[in-house]
>>> print(open('query.txt').read())   # compact mmCIF, C-alpha atoms
# COMPACT_ATOMS: atom_id res chain seq x y z
CA MET O 1 130.81 49.96 111.67
CA THR O 2 130.66 49.81 107.87
CA ASP O 3 127.54 50.67 105.93
CA PRO O 4 126.45 47.52 104.05
CA ASP O 5 124.53 49.68 101.57
CA HIS O 6 127.45 51.93 100.75
CA ASP O 7 128.44 50.12 97.56
CA LEU O 8 124.87 50.03 96.34
CA GLU O 9 124.40 53.72 97.11
CA GLN O 10 127.59 54.49 95.21
CA ALA O 11 126.32 52.52 92.26
CA LEU O 12 123.02 54.38 92.33
CA ALA O 13 124.83 57.71 92.47
CA SER O 14 126.79 56.76 89.37
CA LEU O 15 123.59 56.50 87.36
CA ARG O 16 123.13 59.62 85.28
CA PRO O 17 119.60 61.03 85.21
CA ARG O 18 118.53 62.39 81.87
CA PRO O 19 118.87 66.14 81.73
CA PRO O 20 115.92 68.36 80.92
CA GLY O 21 115.57 69.11 77.25
CA PRO O 22 116.35 72.48 75.66
CA ALA O 23 112.65 73.29 75.63
CA VAL O 24 112.57 73.20 79.44
CA THR O 25 115.66 75.39 79.65
CA ALA O 26 114.05 77.82 77.23
CA ARG O 27 110.92 77.98 79.37
CA VAL O 28 113.01 78.56 82.49
CA ALA O 29 114.84 81.32 80.62
CA ALA O 30 111.51 82.89 79.74
CA GLY O 31 110.63 82.89 83.41
CA LEU O 32 113.93 84.23 84.69
CA ASP O 33 115.28 86.41 81.93
CA ALA O 34 112.01 88.06 80.94
CA ALA O 35 111.48 91.78 81.42
CA PRO O 36 109.66 92.64 84.61
CA THR O 37 105.94 92.15 84.41
CA ARG O 38 103.46 94.95 84.87
CA ARG O 39 102.71 93.58 88.33
CA GLY O 40 106.43 93.50 89.04
CA VAL O 41 106.77 97.09 87.91
CA VAL O 42 103.89 98.15 90.15
CA ILE O 43 105.44 96.32 93.07
CA ALA O 44 108.83 97.88 92.33
CA TRP O 45 107.37 101.37 92.19
CA SER O 46 105.39 100.76 95.33
CA ALA O 47 108.50 99.54 97.07
CA GLY O 48 110.36 102.62 95.83
CA PHE O 49 107.73 105.00 97.12
CA ALA O 50 107.60 103.15 100.40
CA ALA O 51 111.37 103.40 100.73
CA VAL O 52 111.33 107.15 100.01
CA ALA O 53 108.54 107.65 102.51
CA ALA O 54 110.49 105.66 105.08
CA VAL O 55 113.57 107.83 104.48
CA PHE O 56 111.54 111.02 104.96
CA LEU O 57 109.94 109.66 108.07
CA ALA O 58 113.29 108.60 109.48
CA ALA O 59 114.78 112.01 108.66
CA PHE O 60 111.85 113.77 110.28
CA VAL O 61 112.12 111.68 113.41
CA PHE O 62 115.90 111.91 113.47
CA LEU O 63 116.11 115.65 112.89
CA GLY O 64 113.27 116.24 115.33
CA GLY O 65 115.21 114.30 117.91
CA VAL O 66 118.35 116.29 117.16
CA ALA O 67 116.49 119.59 117.49
CA GLU O 68 115.06 118.50 120.79
CA ALA O 69 118.38 117.26 122.05
CA GLU O 70 120.15 120.48 121.03
CA ALA O 71 117.53 122.98 122.14
CA PRO O 72 119.01 126.44 122.65
CA THR O 73 120.15 127.23 126.13
CA TYR O 74 119.31 130.88 126.47
CA GLN O 75 121.21 133.20 128.71
CA LEU O 76 119.90 136.55 129.87
CA VAL O 77 122.01 139.22 128.17
CA HIS O 78 120.03 142.43 128.29
CA VAL O 79 117.28 144.10 130.30
CA GLU O 80 116.11 147.54 129.31
CA GLN O 81 113.47 149.86 130.56
CA SER O 82 112.64 152.76 128.27
CA ARG O 83 112.53 156.28 129.40
CA PRO O 84 109.06 156.85 130.84
CA ASP O 85 106.68 159.10 129.08
CA VAL O 86 104.86 161.14 131.76
CA GLN O 87 101.72 163.13 131.15
CA PHE O 88 100.21 165.40 133.73
CA PHE O 89 96.56 166.26 133.55
CA ARG O 90 94.48 168.88 135.17
CA PRO O 91 93.70 168.32 138.83
CA VAL O 92 90.43 166.64 139.60
CA ARG O 93 88.25 166.74 142.70
CA LEU O 94 87.67 163.45 144.35
CA THR O 95 84.49 162.29 146.06
CA ASP O 96 85.92 163.10 149.48
CA GLY O 97 86.52 166.73 148.46
CA SER O 98 90.27 166.44 148.09
CA PHE O 99 92.10 167.17 144.87
CA ALA O 100 94.49 165.01 142.84
CA ARG O 101 96.36 165.33 139.65
CA PRO O 102 96.09 162.44 137.18
CA VAL O 103 99.42 161.34 135.88
CA ARG O 104 99.89 158.92 133.04
CA VAL O 105 103.18 157.09 132.79
CA ARG O 106 104.08 154.91 129.79
CA TRP O 107 107.23 152.92 129.28
CA GLU O 108 108.46 149.64 127.76
CA ASP O 109 110.35 146.81 129.32
CA THR O 110 112.57 144.84 127.00
CA THR O 111 114.39 141.66 128.03
CA ARG O 112 116.73 139.74 125.71
CA TRP O 113 118.21 136.24 125.97
CA GLU O 114 120.71 134.74 123.57
CA ASP O 115 122.15 131.27 122.86
CA PRO O 116 125.93 131.64 122.93
CA ARG O 117 126.32 128.60 120.60
CA GLY O 118 124.38 130.21 117.79
CA ASP O 119 122.34 133.08 116.59
CA ALA O 120 119.20 132.19 118.47
CA ARG O 121 117.69 135.13 120.35
CA LEU O 122 114.65 135.54 122.46
CA ILE O 123 113.29 139.05 123.00
CA HIS O 124 110.51 139.85 125.38
CA TYR O 125 108.86 143.23 124.92
CA ARG O 126 106.24 144.54 127.29
CA PRO O 127 104.58 147.98 127.01
CA ASN O 128 103.30 149.51 130.24
CA ASP O 129 100.66 152.15 130.70
CA GLN O 130 99.76 153.34 134.21
CA LEU O 131 97.45 156.05 135.32
CA THR O 132 97.87 157.32 138.86
CA LEU O 133 96.49 160.13 140.94
CA LEU O 134 98.93 162.36 142.73
CA PRO O 135 97.24 163.87 145.77
CA LEU O 136 97.40 167.65 145.90
CA GLU O 137 97.61 169.50 149.12
CA THR O 138 95.37 172.43 149.27
CA ASN O 139 95.47 175.09 151.95
CA MET Q 140 125.93 70.80 95.19
CA HIS Q 141 127.08 74.39 95.01
CA ASP Q 142 125.89 76.97 97.41
CA ALA Q 143 122.79 78.46 95.87
CA HIS Q 144 123.25 81.57 97.96
CA ALA Q 145 126.17 82.65 95.86
CA GLY Q 146 125.53 85.04 93.01
CA GLN Q 147 125.52 82.43 90.29
CA ASP Q 148 124.18 82.42 86.82
CA TRP Q 149 121.06 80.30 86.79
CA ARG Q 150 122.06 78.61 83.55
CA ALA Q 151 125.22 77.17 85.06
CA TRP Q 152 123.35 76.04 88.15
CA PHE Q 153 120.54 74.52 86.13
CA ALA Q 154 122.96 72.76 83.80
CA GLU Q 155 124.68 71.16 86.76
CA HIS Q 156 121.65 70.18 88.81
CA GLY Q 157 118.75 70.09 86.36
CA ALA Q 158 119.03 66.38 85.58
CA ARG Q 159 118.85 65.14 89.16
CA LEU Q 160 116.09 67.66 89.98
CA ARG Q 161 114.11 66.40 87.02
CA LEU Q 162 114.44 62.87 88.40
CA VAL Q 163 113.15 64.12 91.74
CA ALA Q 164 110.23 65.78 89.97
CA ARG Q 165 109.56 62.59 88.08
CA GLN Q 166 108.82 60.74 91.33
CA TRP Q 167 105.74 62.85 91.94
CA THR Q 168 104.43 63.23 88.43
CA ARG Q 169 102.63 60.96 86.01
CA SER Q 170 104.63 61.66 82.90
CA GLU Q 171 107.86 63.10 81.60
CA ALA Q 172 106.00 66.14 80.32
CA ASP Q 173 104.52 66.76 83.75
CA ALA Q 174 107.97 66.41 85.30
CA ASP Q 175 109.28 69.05 82.92
CA ASP Q 176 106.40 71.39 83.77
CA VAL Q 177 106.96 70.89 87.48
CA LEU Q 178 110.70 71.35 87.20
CA GLN Q 179 110.34 74.56 85.23
CA GLU Q 180 107.79 76.09 87.58
CA ALA Q 181 109.60 75.00 90.73
CA PHE Q 182 113.02 76.09 89.58
CA VAL Q 183 111.85 79.54 88.49
CA ARG Q 184 110.15 80.03 91.86
CA PHE Q 185 113.21 78.77 93.74
CA TRP Q 186 115.64 80.94 91.81
CA LYS Q 187 113.53 84.07 91.98
CA HIS Q 188 112.34 83.92 95.53
CA GLN Q 189 113.97 81.20 97.61
CA ARG Q 190 117.61 80.71 96.78
CA HIS Q 191 118.74 83.40 99.20
CA LEU Q 192 116.73 81.97 102.08
CA PRO Q 193 118.68 80.40 104.92
CA GLY Q 194 118.89 76.64 105.08
CA ASN Q 195 119.87 73.81 102.80
CA PRO Q 196 119.23 74.89 99.19
CA ASN Q 197 118.71 71.24 98.28
CA ALA Q 198 115.82 71.00 100.67
CA LEU Q 199 114.43 74.32 99.44
CA VAL Q 200 114.45 73.35 95.80
CA VAL Q 201 113.04 69.89 96.54
CA THR Q 202 110.28 71.50 98.58
CA SER Q 203 109.54 73.78 95.66
CA ILE Q 204 109.39 70.78 93.31
CA ARG Q 205 107.10 68.85 95.60
CA ARG Q 206 104.79 71.82 95.97
CA SER Q 207 104.55 72.26 92.21
CA ALA Q 208 103.99 68.55 91.73
CA LEU Q 209 101.18 68.46 94.28
CA ASP Q 210 99.60 71.53 92.69
CA LEU Q 211 99.74 69.82 89.31
CA LEU Q 212 98.23 66.64 90.72
CA ARG Q 213 95.36 68.60 92.22
CA ARG Q 214 94.73 70.31 88.90
CA SER Q 215 95.05 67.00 87.14
CA ASP Q 216 92.52 65.37 89.43
CA ARG Q 217 90.00 67.91 88.21
CA ARG Q 218 90.74 66.77 84.71
CA ALA Q 219 90.69 63.07 85.52
CA LEU Q 220 89.30 61.89 82.23
CA ARG Q 221 92.01 63.55 80.21
CA GLU Q 222 94.70 62.27 82.53
CA LYS Q 223 93.41 58.72 82.13
CA ALA Q 224 93.71 59.08 78.41
CA VAL Q 225 97.31 60.22 78.79
CA GLY Q 226 98.06 57.34 81.12
CA ASP Q 227 101.11 56.61 83.15
CA ASP Q 228 104.33 56.21 81.19
CA MET Q 229 106.30 54.90 84.14
CA ASP Q 230 107.33 51.77 82.25
CA THR Q 231 108.01 53.29 78.90
CA VAL Q 232 110.41 56.12 79.53
CA THR Q 233 114.02 55.83 80.48
CA TRP Q 234 114.94 57.94 83.45
CA PHE Q 235 118.67 57.55 83.06
CA GLU Q 236 121.21 57.81 80.34
CA PRO Q 237 121.98 54.39 78.82
CA GLU Q 238 124.57 52.43 80.76
CA ALA Q 239 127.08 50.05 79.19
CA ASP Q 240 127.67 48.32 82.50
CA PRO Q 241 124.97 45.57 82.75
CA ARG Q 242 124.97 45.82 86.54
CA LEU Q 243 124.18 49.55 86.39
CA ALA Q 244 121.58 48.98 83.70
CA ALA Q 245 119.96 46.37 85.92
CA LEU Q 246 120.06 48.76 88.84
CA ALA Q 247 118.30 51.47 86.82
CA GLU Q 248 115.59 49.04 85.78
CA SER Q 249 115.23 47.70 89.32
CA LEU Q 250 114.73 51.16 90.71
CA LYS Q 251 111.50 51.50 88.78
CA LEU Q 252 110.19 48.28 90.28
CA LEU Q 253 110.38 49.53 93.83
CA PRO Q 254 107.19 50.54 95.61
CA ASP Q 255 106.59 54.28 95.24
CA GLU Q 256 107.20 55.08 98.91
CA GLN Q 257 110.58 53.33 98.84
CA ARG Q 258 111.65 54.73 95.52
CA GLU Q 259 110.99 58.32 96.49
CA VAL Q 260 113.14 57.89 99.60
CA VAL Q 261 115.97 56.50 97.46
CA VAL Q 262 115.69 59.30 94.93
CA LEU Q 263 115.54 62.00 97.59
CA LYS Q 264 118.58 60.58 99.38
CA VAL Q 265 120.78 59.83 96.37
CA TRP Q 266 119.80 62.55 93.89
CA GLY Q 267 118.04 65.01 96.18
CA ASP Q 268 121.05 64.85 98.49
CA LEU Q 269 118.81 65.02 101.54
CA THR Q 270 119.27 63.50 104.97
CA PHE Q 271 116.70 61.18 106.52
CA ASP Q 272 115.56 64.08 108.68
CA GLU Q 273 115.01 66.24 105.60
CA ILE Q 274 113.32 63.39 103.74
CA GLY Q 275 111.02 62.93 106.71
CA GLU Q 276 110.06 66.59 106.56
CA GLN Q 277 109.43 66.43 102.82
CA LEU Q 278 107.22 63.36 103.04
CA SER Q 279 105.64 64.07 106.44
CA ILE Q 280 107.05 60.88 107.92
CA SER Q 281 109.51 60.28 110.74
CA PRO Q 282 113.22 60.03 110.00
CA ASN Q 283 113.09 56.46 111.29
CA THR Q 284 110.39 55.60 108.80
CA ALA Q 285 112.45 57.16 106.02
CA ALA Q 286 115.50 55.15 107.09
CA SER Q 287 113.41 51.99 107.28
CA ARG Q 288 112.09 52.51 103.75
CA TRP Q 289 115.64 53.06 102.59
CA ARG Q 290 116.76 49.73 104.07
CA TYR Q 291 113.86 47.86 102.50
CA ALA Q 292 114.66 49.49 99.17
CA MET Q 293 118.31 48.50 99.39
CA GLU Q 294 117.39 44.90 100.13
CA ALA Q 295 114.96 44.81 97.24
CA LEU Q 296 117.45 46.37 94.83
CA ARG Q 297 120.14 43.92 95.87
CA ARG Q 298 117.79 40.99 95.30
CA ASN Q 299 116.74 42.32 91.94
CA ILE Q 300 120.24 42.96 90.70
CA THR Q 301 121.42 39.56 91.82
CA ALA Q 302 118.51 37.86 90.09
CA ARG Q 303 118.95 39.84 86.87
CA THR Q 304 122.68 39.40 86.63
CA HIS Q 305 122.30 35.66 87.13
CA ASP Q 306 119.68 35.35 84.41
>>> encode(input="query.txt", output="structure tokens")
Amino acid sequence: MTDPDHDLEQALASLRPRPPGPAVTARVAAGLDAAPTRRGVVIAWSAGFAAVAAVFLAAFVFLGGVAEAEAPTYQLVHVEQSRPDVQFFRPVRLTDGSFARPVRVRWEDTTRWEDPRGDARLIHYRPNDQLTLLPLETN
Amino acid sequence: MHDAHAGQDWRAWFAEHGARLRLVARQWTRSEADADDVLQEAFVRFWKHQRHLPGNPNALVVTSIRRSALDLLRRSDRRALREKAVGDDMDTVTWFEPEADPRLAALAESLKLLPDEQREVVVLKVWGDLTFDEIGEQLSISPNTAASRWRYAMEALRRNITARTHD
């Protein structure tokens, strides 16, 4: 089916609208080629700061996630108990009439774990101090 | 029409399309000066902020022109007295370059005689390069109504040209 208006539309399209004058082009140039306005500068700086903040936030989240994902897997590598320091005191008489000698024993327990993939170490140190009574046999 | 998404120089784009966009602007303004103001404002906005948007760049730039024209009309309505003094130069300004062909000259003159609602459909279709769907969106009418106005306009233009060329 042919368009009866085709010829007329073609004729219309061949009409040449008058172009805008040089004054209009100059005003468009002023709008498009002008240096950034103060508001534009503020927006640009704001956008820049926002972008930097976003990068830091992303890095924080990303690195935090990495640290969590690659948490050290410690393995027990060393357990040490120090030589005990023993002190004997003078015998004392107990309420039941028997005698006992106070003995004070001090030592340290040290346990160490290490991550074989790195230099991470975990050291647990525990001092111990015990006072005991050694019963004395009396004849 | 070239793809406005491409990284073009605005001067080349404006040189190629400015004339037909000015004619589009002229449909919604009361004077040539207003059309120039509208074209300048609309084109700067389009080029700065809208040319990379998805969709038909023709429709985008025409939308920008219509928005600027309506803004200007609203401002003008608040200055009604001054606008009346300026008047409407619809009949005194030539929209097109002079044509040697009498049939084309008659066509250009006949276009101005169309009712506004028909003429804007013709201008949007021929020089705005819009479809009836897009014209309907621009004018808030159905595509069928746009097509109907187009047909009435074609009939009227044909009658006018025939009458003028037989005078």
>>> axis_aligned_box(input="query.txt", around="region 89-101 of chain O", padding_each_side="5 Å", output="AutoDock Vina command-line options")
--center_x 90.5 --center_y 165.6 --center_z 141.5 --size_x 22.1 --size_y 16.6 --size_z 25.9
>>> closest_atom_pairs(input="query.txt", of="chain Q", to="chain O", cutoff="9 Å", atoms="all atoms listed in the file", output="CSV")
residue,atom,partner,partner_atom,distance
Q:Trp149,CA,O:Leu32,CA,8.4
Q:Arg150,CA,O:Thr25,CA,8.2
Q:Phe153,CA,O:Thr25,CA,8.2
Q:Ala154,CA,O:Pro19,CA,8.1
Q:His156,CA,O:Pro19,CA,8.6
Q:Gly157,CA,O:Pro19,CA,6.1
Q:Ala158,CA,O:Pro19,CA,3.9
Q:Arg159,CA,O:Pro17,CA,5.7
Q:Leu160,CA,O:Pro19,CA,8.8
Q:Arg161,CA,O:Pro20,CA,6.7
Q:Leu162,CA,O:Pro17,CA,6.3
Q:Asp175,CA,O:Val24,CA,6.3
Q:Asp176,CA,O:Val24,CA,7.8
Q:Leu178,CA,O:Val24,CA,8.2
Q:Gln179,CA,O:Val28,CA,5.5
Q:Glu180,CA,O:Val28,CA,7.7
Q:Phe182,CA,O:Val28,CA,7.5
Q:Val183,CA,O:Val28,CA,6.2
Q:Arg184,CA,O:Gly31,CA,8.9
Q:Trp186,CA,O:Leu32,CA,8.0
Q:Lys187,CA,O:Leu32,CA,7.3
Q:Thr233,CA,O:Arg18,CA,8.1
Q:Trp234,CA,O:Pro17,CA,5.9
Q:Phe235,CA,O:Pro17,CA,4.2
Q:Glu236,CA,O:Arg18,CA,5.5
Q:Pro237,CA,O:Arg16,CA,8.4
Q:Glu238,CA,O:Leu15,CA,7.8
Q:Arg242,CA,O:Ala11,CA,8.9
Q:Leu243,CA,O:Ala11,CA,6.9
Q:Ala244,CA,O:Leu15,CA,8.6
Q:Leu246,CA,O:Leu12,CA,7.2
Q:Ala247,CA,O:Leu15,CA,7.3
Q:Val261,CA,O:Glu9,CA,8.9
Q:Val265,CA,O:Ala13,CA,6.0
Q:Trp266,CA,O:Ala13,CA,7.1
Q:Arg290,CA,O:Asp5,CA,8.2
Q:Met293,CA,O:Asp5,CA,6.7
Q:Glu294,CA,O:Asp5,CA,8.7
Q:Leu296,CA,O:Leu8,CA,8.4
Q:Arg297,CA,O:Leu8,CA,7.7
>>> atom_distance(input="query.txt", atom1="CA of Leu250 (chain Q)", atom2="CA of Ile274 (chain Q)")
17.9 Å
>>> closest_residue(input="query.txt", among="O:Asp119, O:Gln81, O:Phe89, O:Leu94", to="Trp107 (chain O)", atoms="only C-alpha atoms")
O:Gln81
>>> atom_distance(input="query.txt", atom1="CA of Gly267 (chain Q)", atom2="CA of Ala164 (chain Q)")
10.0 Å
>>> atom_distance(input="query.txt", atom1="CA of Gln87 (chain O)", atom2="CA of Arg126 (chain O)")
19.5 Å
>>> closest_residue(input="query.txt", among="O:Arg93, O:Pro116, O:Phe56, O:Tyr125", to="Glu80 (chain O)", atoms="only C-alpha atoms")
O:Tyr125
>>> closest_residue(input="query.txt", among="O:His124, O:Arg106, O:Leu133, O:Asp115", to="Arg90 (chain O)", atoms="all atoms listed in the file")
O:Leu133
>>> closest_residue(input="query.txt", among="O:Pro72, O:Pro102, O:Pro84, O:Pro22", to="Pro127 (chain O)", atoms="all atoms listed in the file")
O:Pro84
>>> closest_residue(input="query.txt", among="Q:Ala172, Q:Val260, Q:Ala181, Q:Leu199", to="Leu278 (chain Q)", atoms="all atoms listed in the file")
Q:Val260
>>> residues_around(input="query.txt", residues="Ala198 (chain Q)", least_positions_apart="2", cutoff="8 Å", atoms="all atoms listed in the file", output="mmCIF file with C-alpha atoms, in the coordinates of the input")
data_model
loop_
_atom_site.group_PDB
_atom_site.id
_atom_site.type_symbol
_atom_site.label_atom_id
_atom_site.label_comp_id
_atom_site.auth_asym_id
_atom_site.auth_seq_id
_atom_site.Cartn_x
_atom_site.Cartn_y
_atom_site.Cartn_z
ATOM 1 C CA GLY Q 194 118.890 76.640 105.080
ATOM 2 C CA ASN Q 195 119.870 73.810 102.800
ATOM 3 C CA PRO Q 196 119.230 74.890 99.190
ATOM 4 C CA VAL Q 200 114.450 73.350 95.800
ATOM 5 C CA VAL Q 201 113.040 69.890 96.540
ATOM 6 C CA THR Q 202 110.280 71.500 98.580
ATOM 7 C CA GLY Q 267 118.040 65.010 96.180
ATOM 8 C CA LEU Q 269 118.810 65.020 101.540
ATOM 9 C CA GLU Q 273 115.010 66.240 105.600
#
>>> residues_near_point(input="query.txt", point="(115.0, 145.1, 131.7)", cutoff="7 Å", atoms="all atoms listed in the file", output="list in words")
His78, Val79, Glu80, Gln81, Asp109, Thr110 and Thr111 of chain O
